[in-house]
>>> print(open('start-v4.txt').read())   # compact mmCIF, C-alpha atoms
# COMPACT_ATOMS: atom_id res chain seq x y z
CA MET A 856 71.24 3.93 -29.17
CA THR A 857 70.49 0.57 -30.78
CA GLU A 858 73.05 -1.00 -28.48
CA ARG A 859 71.31 0.38 -25.42
CA LEU A 860 67.96 -0.89 -26.66
CA THR A 861 69.51 -4.31 -27.24
CA LEU A 862 70.78 -4.38 -23.66
CA LEU A 863 67.44 -3.20 -22.32
CA THR A 864 65.62 -5.92 -24.26
CA ILE A 865 68.01 -8.60 -23.00
CA VAL A 866 67.64 -7.47 -19.39
CA LEU A 867 63.83 -7.26 -19.57
CA MET A 868 63.67 -10.67 -21.26
CA ALA A 869 65.81 -12.10 -18.47
CA ALA A 870 63.63 -10.50 -15.79
CA SER A 871 60.40 -11.87 -17.29
CA THR A 872 61.94 -15.33 -17.72
CA TYR A 873 63.15 -15.38 -14.11
CA LEU A 874 59.73 -14.21 -12.96
CA THR A 875 58.11 -17.26 -14.59
CA ARG A 876 60.65 -19.49 -12.81
CA VAL A 877 59.85 -18.24 -9.30
CA LEU A 878 56.15 -17.37 -9.60
CA GLY A 879 54.76 -20.87 -9.03
CA TYR A 880 57.11 -21.39 -6.09
CA LEU A 881 56.30 -18.04 -4.49
CA ALA A 882 52.56 -18.56 -4.93
CA LEU A 883 52.46 -21.97 -3.26
CA ARG A 884 55.36 -22.22 -0.83
CA LYS A 885 53.47 -20.90 2.20
CA ARG A 886 50.32 -22.95 1.59
CA THR A 887 49.59 -26.40 2.85
CA LEU A 888 48.82 -28.44 -0.21
CA SER A 889 45.78 -30.71 -0.12
CA PRO A 890 46.26 -34.34 -1.19
CA ARG A 891 44.13 -33.64 -4.25
CA LEU A 892 46.31 -30.72 -5.32
CA LEU A 893 49.39 -32.87 -4.73
CA ALA A 894 47.90 -35.59 -6.95
CA VAL A 895 47.25 -33.03 -9.69
CA MET A 896 50.79 -31.67 -9.44
CA ASP A 897 52.11 -35.20 -9.61
CA CYS A 898 50.70 -35.37 -13.11
CA VAL A 899 52.06 -32.00 -14.25
CA PRO A 900 55.65 -33.01 -15.12
CA GLY A 901 54.46 -35.59 -17.65
CA CYS A 902 51.99 -33.15 -19.22
CA VAL A 903 54.67 -30.48 -19.66
CA LEU A 904 57.23 -32.91 -21.05
CA VAL A 905 54.94 -34.53 -23.63
CA SER A 906 53.79 -31.06 -24.73
CA VAL A 907 57.37 -29.91 -25.29
CA ILE A 908 58.15 -32.91 -27.53
CA ALA A 909 54.79 -32.91 -29.34
CA PRO A 910 56.26 -31.50 -32.60
CA ALA A 911 58.21 -34.75 -33.07
CA PHE A 912 54.87 -36.60 -33.22
CA VAL A 913 53.38 -34.57 -36.07
CA SER A 914 56.25 -34.55 -38.55
CA GLU A 915 55.33 -35.09 -42.20
CA GLN A 916 58.57 -36.89 -43.05
CA PRO A 917 58.68 -40.73 -43.04
CA ALA A 918 62.33 -40.50 -41.90
CA ASN A 919 61.23 -38.62 -38.79
CA TRP A 920 58.43 -41.09 -37.93
CA LEU A 921 60.76 -44.05 -38.23
CA ALA A 922 63.40 -42.28 -36.17
CA LEU A 923 60.81 -41.45 -33.51
CA ALA A 924 59.67 -45.10 -33.39
CA ILE A 925 63.26 -46.27 -32.93
CA THR A 926 63.87 -43.65 -30.22
CA LEU A 927 60.66 -44.65 -28.43
CA LEU A 928 61.74 -48.28 -28.45
CA ALA A 929 65.19 -47.35 -27.13
CA ALA A 930 63.68 -45.11 -24.45
CA SER A 931 61.43 -47.91 -23.25
CA ARG A 932 64.37 -50.13 -22.25
CA LEU A 933 67.73 -48.30 -22.25
CA PRO A 934 69.34 -45.68 -19.98
CA LEU A 935 69.58 -42.03 -20.97
CA LEU A 936 72.93 -41.79 -22.77
CA PRO A 937 72.52 -44.78 -25.12
CA THR A 938 68.97 -43.67 -25.91
CA VAL A 939 70.13 -40.16 -26.84
CA ILE A 940 72.93 -41.50 -29.04
CA ILE A 941 70.65 -44.05 -30.76
CA GLY A 942 68.03 -41.31 -31.31
CA ILE A 943 70.52 -38.88 -32.88
CA VAL A 944 72.27 -41.49 -35.06
CA ALA A 945 68.99 -43.07 -36.25
CA THR A 946 67.51 -39.67 -37.09
CA GLY A 947 70.64 -38.49 -38.91
CA MET A 948 70.97 -41.71 -40.92
CA LEU A 949 67.29 -42.02 -41.82
CA ARG A 950 67.16 -38.39 -42.97
CA HIS A 951 70.25 -39.01 -45.07
CA LEU A 952 68.82 -42.21 -46.60
CA LEU A 953 65.20 -41.15 -47.06
CA GLY A 954 65.69 -37.39 -47.50
CA THR A 955 64.18 -34.66 -45.32
CA MET B 467 82.09 -34.81 20.88
CA ASN B 468 84.04 -32.28 18.96
CA SER B 469 85.65 -34.86 16.73
CA LEU B 470 82.27 -36.51 16.20
CA SER B 471 80.67 -33.37 14.84
CA THR B 472 83.69 -32.73 12.60
CA THR B 473 83.32 -36.17 11.06
CA SER B 474 79.65 -35.69 10.39
CA ALA B 475 80.35 -32.28 8.84
CA THR B 476 82.91 -33.84 6.48
CA ASP B 477 80.45 -36.60 5.70
CA VAL B 478 77.84 -34.06 4.70
CA ALA B 479 80.37 -32.14 2.63
CA SER B 480 81.57 -35.26 0.78
CA GLY B 481 77.97 -36.38 0.31
CA THR B 482 77.17 -33.01 -1.26
CA LYS B 483 80.23 -33.23 -3.48
CA PHE B 484 79.24 -36.74 -4.53
CA GLU B 485 75.70 -35.58 -5.32
CA ALA B 486 76.97 -32.63 -7.37
CA ILE B 487 79.27 -34.89 -9.38
CA ARG B 488 76.46 -37.41 -9.85
CA GLY B 489 74.37 -34.54 -11.24
CA MET B 490 77.09 -33.38 -13.62
CA ARG B 491 77.47 -36.92 -14.91
CA ALA B 492 73.73 -37.25 -15.39
CA SER B 493 73.71 -34.02 -17.42
CA LEU B 494 76.14 -35.41 -20.03
CA PRO B 495 73.55 -36.84 -22.46
CA VAL B 496 71.60 -33.58 -22.32
CA MET B 497 74.75 -31.53 -22.94
CA LEU B 498 75.13 -33.54 -26.14
CA GLY B 499 71.73 -32.26 -27.20
CA PHE B 500 72.46 -28.68 -26.12
CA ILE B 501 75.68 -28.22 -28.12
CA PRO B 502 74.32 -28.14 -31.69
CA PHE B 503 71.38 -25.94 -30.71
CA ALA B 504 73.66 -23.55 -28.84
CA LEU B 505 75.93 -23.27 -31.87
CA VAL B 506 72.94 -22.59 -34.15
CA LEU B 507 71.49 -19.98 -31.79
CA GLY B 508 74.82 -18.16 -31.54
CA ALA B 509 75.27 -18.17 -35.31
CA GLN B 510 71.72 -16.94 -35.96
CA ALA B 511 72.07 -14.18 -33.38
CA THR B 512 75.15 -12.70 -35.05
CA GLN B 513 73.30 -12.74 -38.38
CA LYS B 514 70.67 -10.56 -36.71
CA GLY B 515 73.31 -8.05 -35.61
CA PHE B 516 74.23 -9.31 -32.14
CA THR B 517 77.84 -8.73 -31.14
CA VAL B 518 79.89 -11.70 -29.92
CA LEU B 519 79.55 -10.41 -26.34
CA GLU B 520 75.81 -9.81 -26.48
CA VAL B 521 75.12 -13.47 -27.29
CA PRO B 522 76.51 -14.99 -24.05
CA LEU B 523 75.03 -12.02 -22.19
CA MET B 524 71.56 -12.98 -23.43
CA THR B 525 71.97 -16.72 -22.97
CA GLY B 526 73.70 -16.30 -19.60
CA LEU B 527 71.01 -14.05 -18.17
CA ASN B 528 68.04 -15.94 -19.66
CA PHE B 529 69.09 -19.57 -19.91
CA GLY B 530 65.84 -20.31 -21.75
CA GLY B 531 66.47 -21.91 -25.13
CA GLY B 532 62.95 -21.71 -26.59
CA SER B 533 62.42 -18.06 -25.71
CA GLU B 534 65.87 -17.16 -27.00
CA PHE B 535 65.22 -18.76 -30.37
CA ALA B 536 61.88 -16.91 -30.52
CA ALA B 537 63.60 -13.61 -29.65
CA ILE B 538 66.23 -14.08 -32.37
CA ARG B 539 63.53 -14.90 -34.92
CA LEU B 540 61.66 -11.70 -34.04
CA TRP B 541 64.78 -9.55 -33.71
CA THR B 542 64.94 -6.32 -35.70
CA SER B 543 67.31 -3.38 -35.43
CA PRO B 544 66.32 -1.55 -33.25
CA PRO B 545 64.51 -4.38 -31.43
CA GLN B 546 60.79 -4.27 -30.61
CA VAL B 547 61.26 -4.46 -26.86
CA LEU B 548 57.68 -5.18 -25.81
CA LEU B 549 57.03 -7.82 -28.46
CA ILE B 550 60.14 -9.76 -27.48
CA VAL B 551 59.50 -9.54 -23.74
CA ALA B 552 55.89 -10.65 -24.23
CA MET B 553 57.03 -13.57 -26.38
CA SER B 554 59.54 -14.69 -23.68
CA LEU B 555 56.78 -14.57 -21.12
CA LEU B 556 54.50 -16.70 -23.28
CA VAL B 557 57.13 -19.27 -24.23
CA ASN B 558 58.23 -19.58 -20.60
CA CYS B 559 54.86 -19.56 -18.89
CA ARG B 560 55.12 -23.33 -18.40
CA HIS B 561 57.83 -22.50 -15.83
CA ILE B 562 55.07 -21.26 -13.51
CA LEU B 563 53.49 -24.70 -13.55
CA MET B 564 56.89 -26.37 -13.20
CA GLY B 565 57.82 -24.23 -10.19
CA ALA B 566 54.48 -25.04 -8.57
CA ALA B 567 55.04 -28.77 -9.08
CA LEU B 568 58.42 -28.44 -7.37
CA VAL B 569 57.06 -26.83 -4.19
CA PRO B 570 56.43 -30.10 -2.28
CA TYR B 571 59.96 -31.23 -3.16
CA LEU B 572 61.63 -27.98 -2.01
CA GLN B 573 60.23 -27.75 1.49
CA HIS B 574 63.61 -28.48 3.08
CA LEU B 575 65.01 -25.28 1.55
CA THR B 576 64.65 -21.66 2.65
CA ALA B 577 63.49 -19.11 0.09
CA ARG B 578 67.06 -17.78 0.14
CA GLN B 579 68.30 -21.13 -1.13
CA ALA B 580 65.40 -21.92 -3.42
CA LEU B 581 65.11 -18.59 -5.28
CA PRO B 582 68.69 -18.53 -6.65
CA ALA B 583 68.47 -22.26 -7.44
CA LEU B 584 65.28 -21.66 -9.46
CA PHE B 585 67.22 -19.34 -11.78
CA PHE B 586 68.68 -22.52 -13.31
CA MET B 587 65.38 -24.34 -13.72
CA CYS B 588 65.00 -25.51 -17.31
CA ASP B 589 62.87 -28.37 -18.65
CA GLU B 590 65.76 -30.81 -18.37
CA SER B 591 67.19 -29.88 -14.95
CA TRP B 592 63.69 -29.75 -13.47
CA ALA B 593 62.57 -33.06 -14.92
CA MET B 594 65.79 -34.88 -14.08
CA ALA B 595 65.81 -33.71 -10.45
CA LEU B 596 62.14 -34.71 -10.05
CA ALA B 597 62.63 -38.07 -11.77
CA ASP B 598 65.65 -38.71 -9.53
CA ALA B 599 63.67 -37.96 -6.36
CA ARG B 600 60.89 -40.30 -7.48
CA GLN B 601 63.25 -43.10 -8.37
CA ARG B 602 64.78 -42.91 -4.90
CA ALA B 603 61.24 -42.64 -3.48
CA ALA B 604 62.39 -39.41 -1.80
CA THR B 605 60.03 -36.60 -0.87
CA ARG B 606 62.62 -33.90 -1.66
CA ILE B 607 64.87 -33.21 -4.57
CA SER B 608 68.60 -33.45 -3.94
CA LEU B 609 69.72 -29.82 -4.24
CA ALA B 610 73.37 -30.70 -4.92
CA TYR B 611 72.34 -33.15 -7.66
CA TYR B 612 70.07 -30.51 -9.23
CA LEU B 613 72.83 -27.89 -9.05
CA GLY B 614 75.31 -30.35 -10.56
CA ILE B 615 73.00 -30.88 -13.53
CA SER B 616 72.36 -27.15 -13.77
CA ALA B 617 76.07 -26.28 -13.74
CA GLY B 618 76.77 -28.73 -16.55
CA LEU B 619 73.88 -27.50 -18.67
CA TYR B 620 74.34 -23.79 -17.96
CA LEU B 621 78.06 -23.80 -18.80
CA THR B 622 77.43 -25.82 -21.95
CA TRP B 623 74.67 -23.48 -23.10
CA VAL B 624 76.54 -20.21 -22.49
CA THR B 625 79.90 -21.47 -23.80
CA PHE B 626 78.53 -22.98 -26.99
CA THR B 627 76.20 -20.09 -27.84
CA ALA B 628 79.27 -17.83 -27.54
CA LEU B 629 81.24 -20.24 -29.71
CA GLY B 630 78.42 -20.28 -32.25
CA ALA B 631 78.51 -16.48 -32.35
CA THR B 632 82.28 -16.57 -32.92
CA LEU B 633 82.25 -19.27 -35.59
CA GLY B 634 79.12 -17.78 -37.11
CA PRO B 635 78.33 -18.46 -40.72
CA SER B 636 81.34 -20.72 -41.32
CA MET B 637 79.25 -23.56 -39.82
CA GLY B 638 77.15 -25.82 -41.98
CA ASN B 639 73.56 -26.61 -41.17
CA VAL B 640 73.97 -28.67 -38.00
CA GLU B 641 70.21 -28.66 -37.45
CA HIS B 642 69.65 -31.42 -39.99
CA TYR B 643 71.95 -34.06 -38.55
CA GLY B 644 69.38 -35.48 -36.16
CA PHE B 645 70.42 -33.62 -33.01
CA ASP B 646 66.87 -32.37 -32.49
CA MET B 647 65.99 -35.97 -31.56
CA ALA B 648 68.23 -35.64 -28.46
CA PHE B 649 65.56 -33.75 -26.51
CA THR B 650 62.79 -36.12 -27.54
CA ALA B 651 64.99 -39.01 -26.40
CA VAL B 652 65.80 -37.34 -23.05
CA PHE B 653 62.18 -36.56 -22.32
CA LEU B 654 60.96 -40.04 -23.33
CA VAL B 655 63.39 -41.67 -20.90
CA LEU B 656 62.33 -39.29 -18.12
CA LEU B 657 58.67 -39.99 -18.88
CA ARG B 658 59.31 -43.71 -18.61
CA GLY B 659 60.68 -43.06 -15.09
CA MET B 660 57.57 -41.07 -14.17
CA TRP B 661 55.08 -43.55 -15.60
CA ARG B 662 52.41 -44.56 -13.07
CA GLY B 663 50.20 -46.72 -15.22
CA ALA B 664 47.81 -45.88 -18.05
CA ARG B 665 44.95 -44.68 -15.86
CA ALA B 666 46.99 -42.25 -13.79
CA CYS B 667 48.70 -40.91 -16.90
CA ARG B 668 45.64 -40.26 -19.07
CA PRO B 669 46.20 -36.48 -18.81
CA TRP B 670 49.58 -36.96 -20.51
CA LEU B 671 47.85 -38.42 -23.53
CA LEU B 672 45.46 -35.49 -23.68
CA SER B 673 48.40 -33.07 -23.38
CA LEU B 674 50.12 -34.81 -26.25
CA GLY B 675 47.00 -34.72 -28.42
CA VAL B 676 46.25 -31.05 -27.77
CA ALA B 677 49.88 -30.02 -28.19
CA ALA B 678 50.15 -31.99 -31.43
CA LEU B 679 47.01 -30.35 -32.83
CA SER B 680 48.31 -26.93 -31.76
CA CYS B 681 51.55 -27.63 -33.60
CA LEU B 682 49.59 -28.32 -36.76
CA PHE B 683 47.14 -25.44 -36.54
CA LEU B 684 48.58 -22.65 -34.37
CA PRO B 685 51.65 -20.51 -35.06
CA GLY B 686 54.75 -20.30 -32.87
CA ALA B 687 55.20 -21.94 -29.50
CA TRP B 688 51.55 -22.07 -28.40
CA TYR B 689 51.61 -25.86 -28.30
CA VAL B 690 53.59 -25.93 -25.03
CA ALA B 691 51.06 -23.73 -23.26
CA THR B 692 47.91 -25.37 -24.71
CA GLY B 693 49.18 -28.93 -24.19
CA SER B 694 50.27 -28.34 -20.58
CA ALA B 695 47.07 -26.48 -19.72
CA ALA B 696 44.86 -29.22 -21.20
CA GLY B 697 46.67 -31.90 -19.18
CA LEU B 698 46.44 -29.84 -16.00
CA LEU B 699 42.70 -29.30 -16.46
CA ALA B 700 42.17 -32.99 -17.17
CA ALA B 701 44.13 -33.93 -14.03
CA ILE B 702 41.92 -31.61 -11.97
CA VAL B 703 38.64 -32.85 -13.47
CA TRP B 704 39.53 -36.57 -13.45
CA GLY B 705 41.03 -36.22 -9.98
CA LYS B 706 37.73 -34.85 -8.71
CA ALA B 707 35.74 -37.63 -10.36
CA SER B 708 37.70 -40.48 -8.74
>>> encode(input="start-v4.txt", output="structure tokens")
Amino acid sequence: MTERLTLLTIVLMAASTYLTRVLGYLALRKRTLSPRLLAVMDCVPGCVLVSVIAPAFVSEQPANWLALAITLLAASRLPLLPTVIIGIVATGMLRHLLGT
Amino acid sequence: MNSLSTTSATDVASGTKFEAIRGMRASLPVMLGFIPFALVLGAQATQKGFTVLEVPLMTGLNFGGGSEFAAIRLWTSPPQVLLIVAMSLLVNCRHILMGAALVPYLQHLTARQALPALFFMCDESWAMALADARQRAATRISLAYYLGISAGLYLTWVTFTALGATLGPSMGNVEHYGFDMAFTAVFLVLLRGMWRGARACRPWLLSLGVAALSCLFLPGAWYVATGSAAGLLAAIVWGKAS
């Protein structure tokens, strides 16, 4: 019984997640988008991305601030892979040195 | 004539292959970030009573990291079906906005092509495909590039959540080694590519501020929804004013 409920939950979760993925597309694909709407949607990716990483900006640990500053600096001038590696290594080392 | 069309067909096929491989390569740094989280999710799920098969079933059907972590946190035996489904909907509601923002870039695709492709839309695949189109000054995303990224990320996520479920509690606490910074790093680089000057990007700053405040004062994953919504509203209002 529990197993069946688990499966049901997983399937319903998947359905609701997929629904969120196609809803925006289905709602707008047949419309002609005005230049103003296009300009607004141009801004959306940045708004979503900064919101997702917002927790990194409100950490209470000095190690995390410093690591974020280093990652920001790396991100402002390096390609993706080196930035990711520098971010991970700096965060790991600073947490080790300064404590979390 | 015949030979001409054959050549162009091969050209298209090799171009597609090249684009898919380019996408897989581009997904490498993000895979690096996915692995530790996937292992942690798999391990946590088995602690909550998931079987080793149920873990890849959930991650393979959902492919939504944030909502899966929320579901595991709320998991009881038997599970509260409605609570967990409602939570997934809330955590993933930003997808609606993301899908809408993709519409202008998907106009070369039929719904039959776009709807299955959207199954793989996560923050990273979406942002990377958009950033790529903008860097090439293209008006459409490259579907093969997007699917290449998606394949890399999807396989990494499902494989390593399953591995985490198998290895389970024998793993140490991988969360504290700094891997959480991988996503911040990925998104910061993508944001740099999307930067259009301080004035055009004011809504980003508002999103960041509202999301940060929500992190401090609201429970759970509300910050994604409040931050995105605030930025969207600001873009509408400031767009009207100018």
>>> interface_residues(input="start-v4.txt", of="chain A", to="chain B", cutoff="6 Å", atoms="all atoms listed in the file", output="list in words")
Thr857, Thr864, Ile865, Met868, Ala869, Ser871, Thr875, Arg876, Leu878, Gly879, Tyr880, Arg884, Val895, Met896, Gly901, Cys902, Val903, Val905, Ser906, Val907, Ile908, Ala909, Ala930, Leu936, Val939, Gly942, Ile943, Thr946 and Gly947 of chain A
>>> write_last_selection(input="start-v4.txt", atoms="C-alpha atoms", output="PDB file, in the frame of the given file")
ATOM      1  CA  THR A 857      70.490   0.570 -30.780  1.00  0.00           C
ATOM      2  CA  THR A 864      65.620  -5.920 -24.260  1.00  0.00           C
ATOM      3  CA  ILE A 865      68.010  -8.600 -23.000  1.00  0.00           C
ATOM      4  CA  MET A 868      63.670 -10.670 -21.260  1.00  0.00           C
ATOM      5  CA  ALA A 869      65.810 -12.100 -18.470  1.00  0.00           C
ATOM      6  CA  SER A 871      60.400 -11.870 -17.290  1.00  0.00           C
ATOM      7  CA  THR A 875      58.110 -17.260 -14.590  1.00  0.00           C
ATOM      8  CA  ARG A 876      60.650 -19.490 -12.810  1.00  0.00           C
ATOM      9  CA  LEU A 878      56.150 -17.370  -9.600  1.00  0.00           C
ATOM     10  CA  GLY A 879      54.760 -20.870  -9.030  1.00  0.00           C
ATOM     11  CA  TYR A 880      57.110 -21.390  -6.090  1.00  0.00           C
ATOM     12  CA  ARG A 884      55.360 -22.220  -0.830  1.00  0.00           C
ATOM     13  CA  VAL A 895      47.250 -33.030  -9.690  1.00  0.00           C
ATOM     14  CA  MET A 896      50.790 -31.670  -9.440  1.00  0.00           C
ATOM     15  CA  GLY A 901      54.460 -35.590 -17.650  1.00  0.00           C
ATOM     16  CA  CYS A 902      51.990 -33.150 -19.220  1.00  0.00           C
ATOM     17  CA  VAL A 903      54.670 -30.480 -19.660  1.00  0.00           C
ATOM     18  CA  VAL A 905      54.940 -34.530 -23.630  1.00  0.00           C
ATOM     19  CA  SER A 906      53.790 -31.060 -24.730  1.00  0.00           C
ATOM     20  CA  VAL A 907      57.370 -29.910 -25.290  1.00  0.00           C
ATOM     21  CA  ILE A 908      58.150 -32.910 -27.530  1.00  0.00           C
ATOM     22  CA  ALA A 909      54.790 -32.910 -29.340  1.00  0.00           C
ATOM     23  CA  ALA A 930      63.680 -45.110 -24.450  1.00  0.00           C
ATOM     24  CA  LEU A 936      72.930 -41.790 -22.770  1.00  0.00           C
ATOM     25  CA  VAL A 939      70.130 -40.160 -26.840  1.00  0.00           C
ATOM     26  CA  GLY A 942      68.030 -41.310 -31.310  1.00  0.00           C
ATOM     27  CA  ILE A 943      70.520 -38.880 -32.880  1.00  0.00           C
ATOM     28  CA  THR A 946      67.510 -39.670 -37.090  1.00  0.00           C
ATOM     29  CA  GLY A 947      70.640 -38.490 -38.910  1.00  0.00           C
TER      30      GLY A 947
END
>>> atom_distance(input="start-v4.txt", atom1="CA of Ala707 in chain B", atom2="CA of Pro900 in chain A")
21.0 Å
>>> closest_residue(input="start-v4.txt", among="A:Ala870, A:Met948, A:Ala894, A:Leu883", to="Ala922 in chain A", atoms="all atoms listed in the file")
A:Met948
>>> closest_residue(input="start-v4.txt", among="A:Thr872, A:Leu923, A:Val899, A:Ile940", to="Ala911 in chain A", atoms="all atoms listed in the file")
A:Leu923
>>> atom_distance(input="start-v4.txt", atom1="CA of Leu575 in chain B", atom2="CA of Ser608 in chain B")
10.5 Å
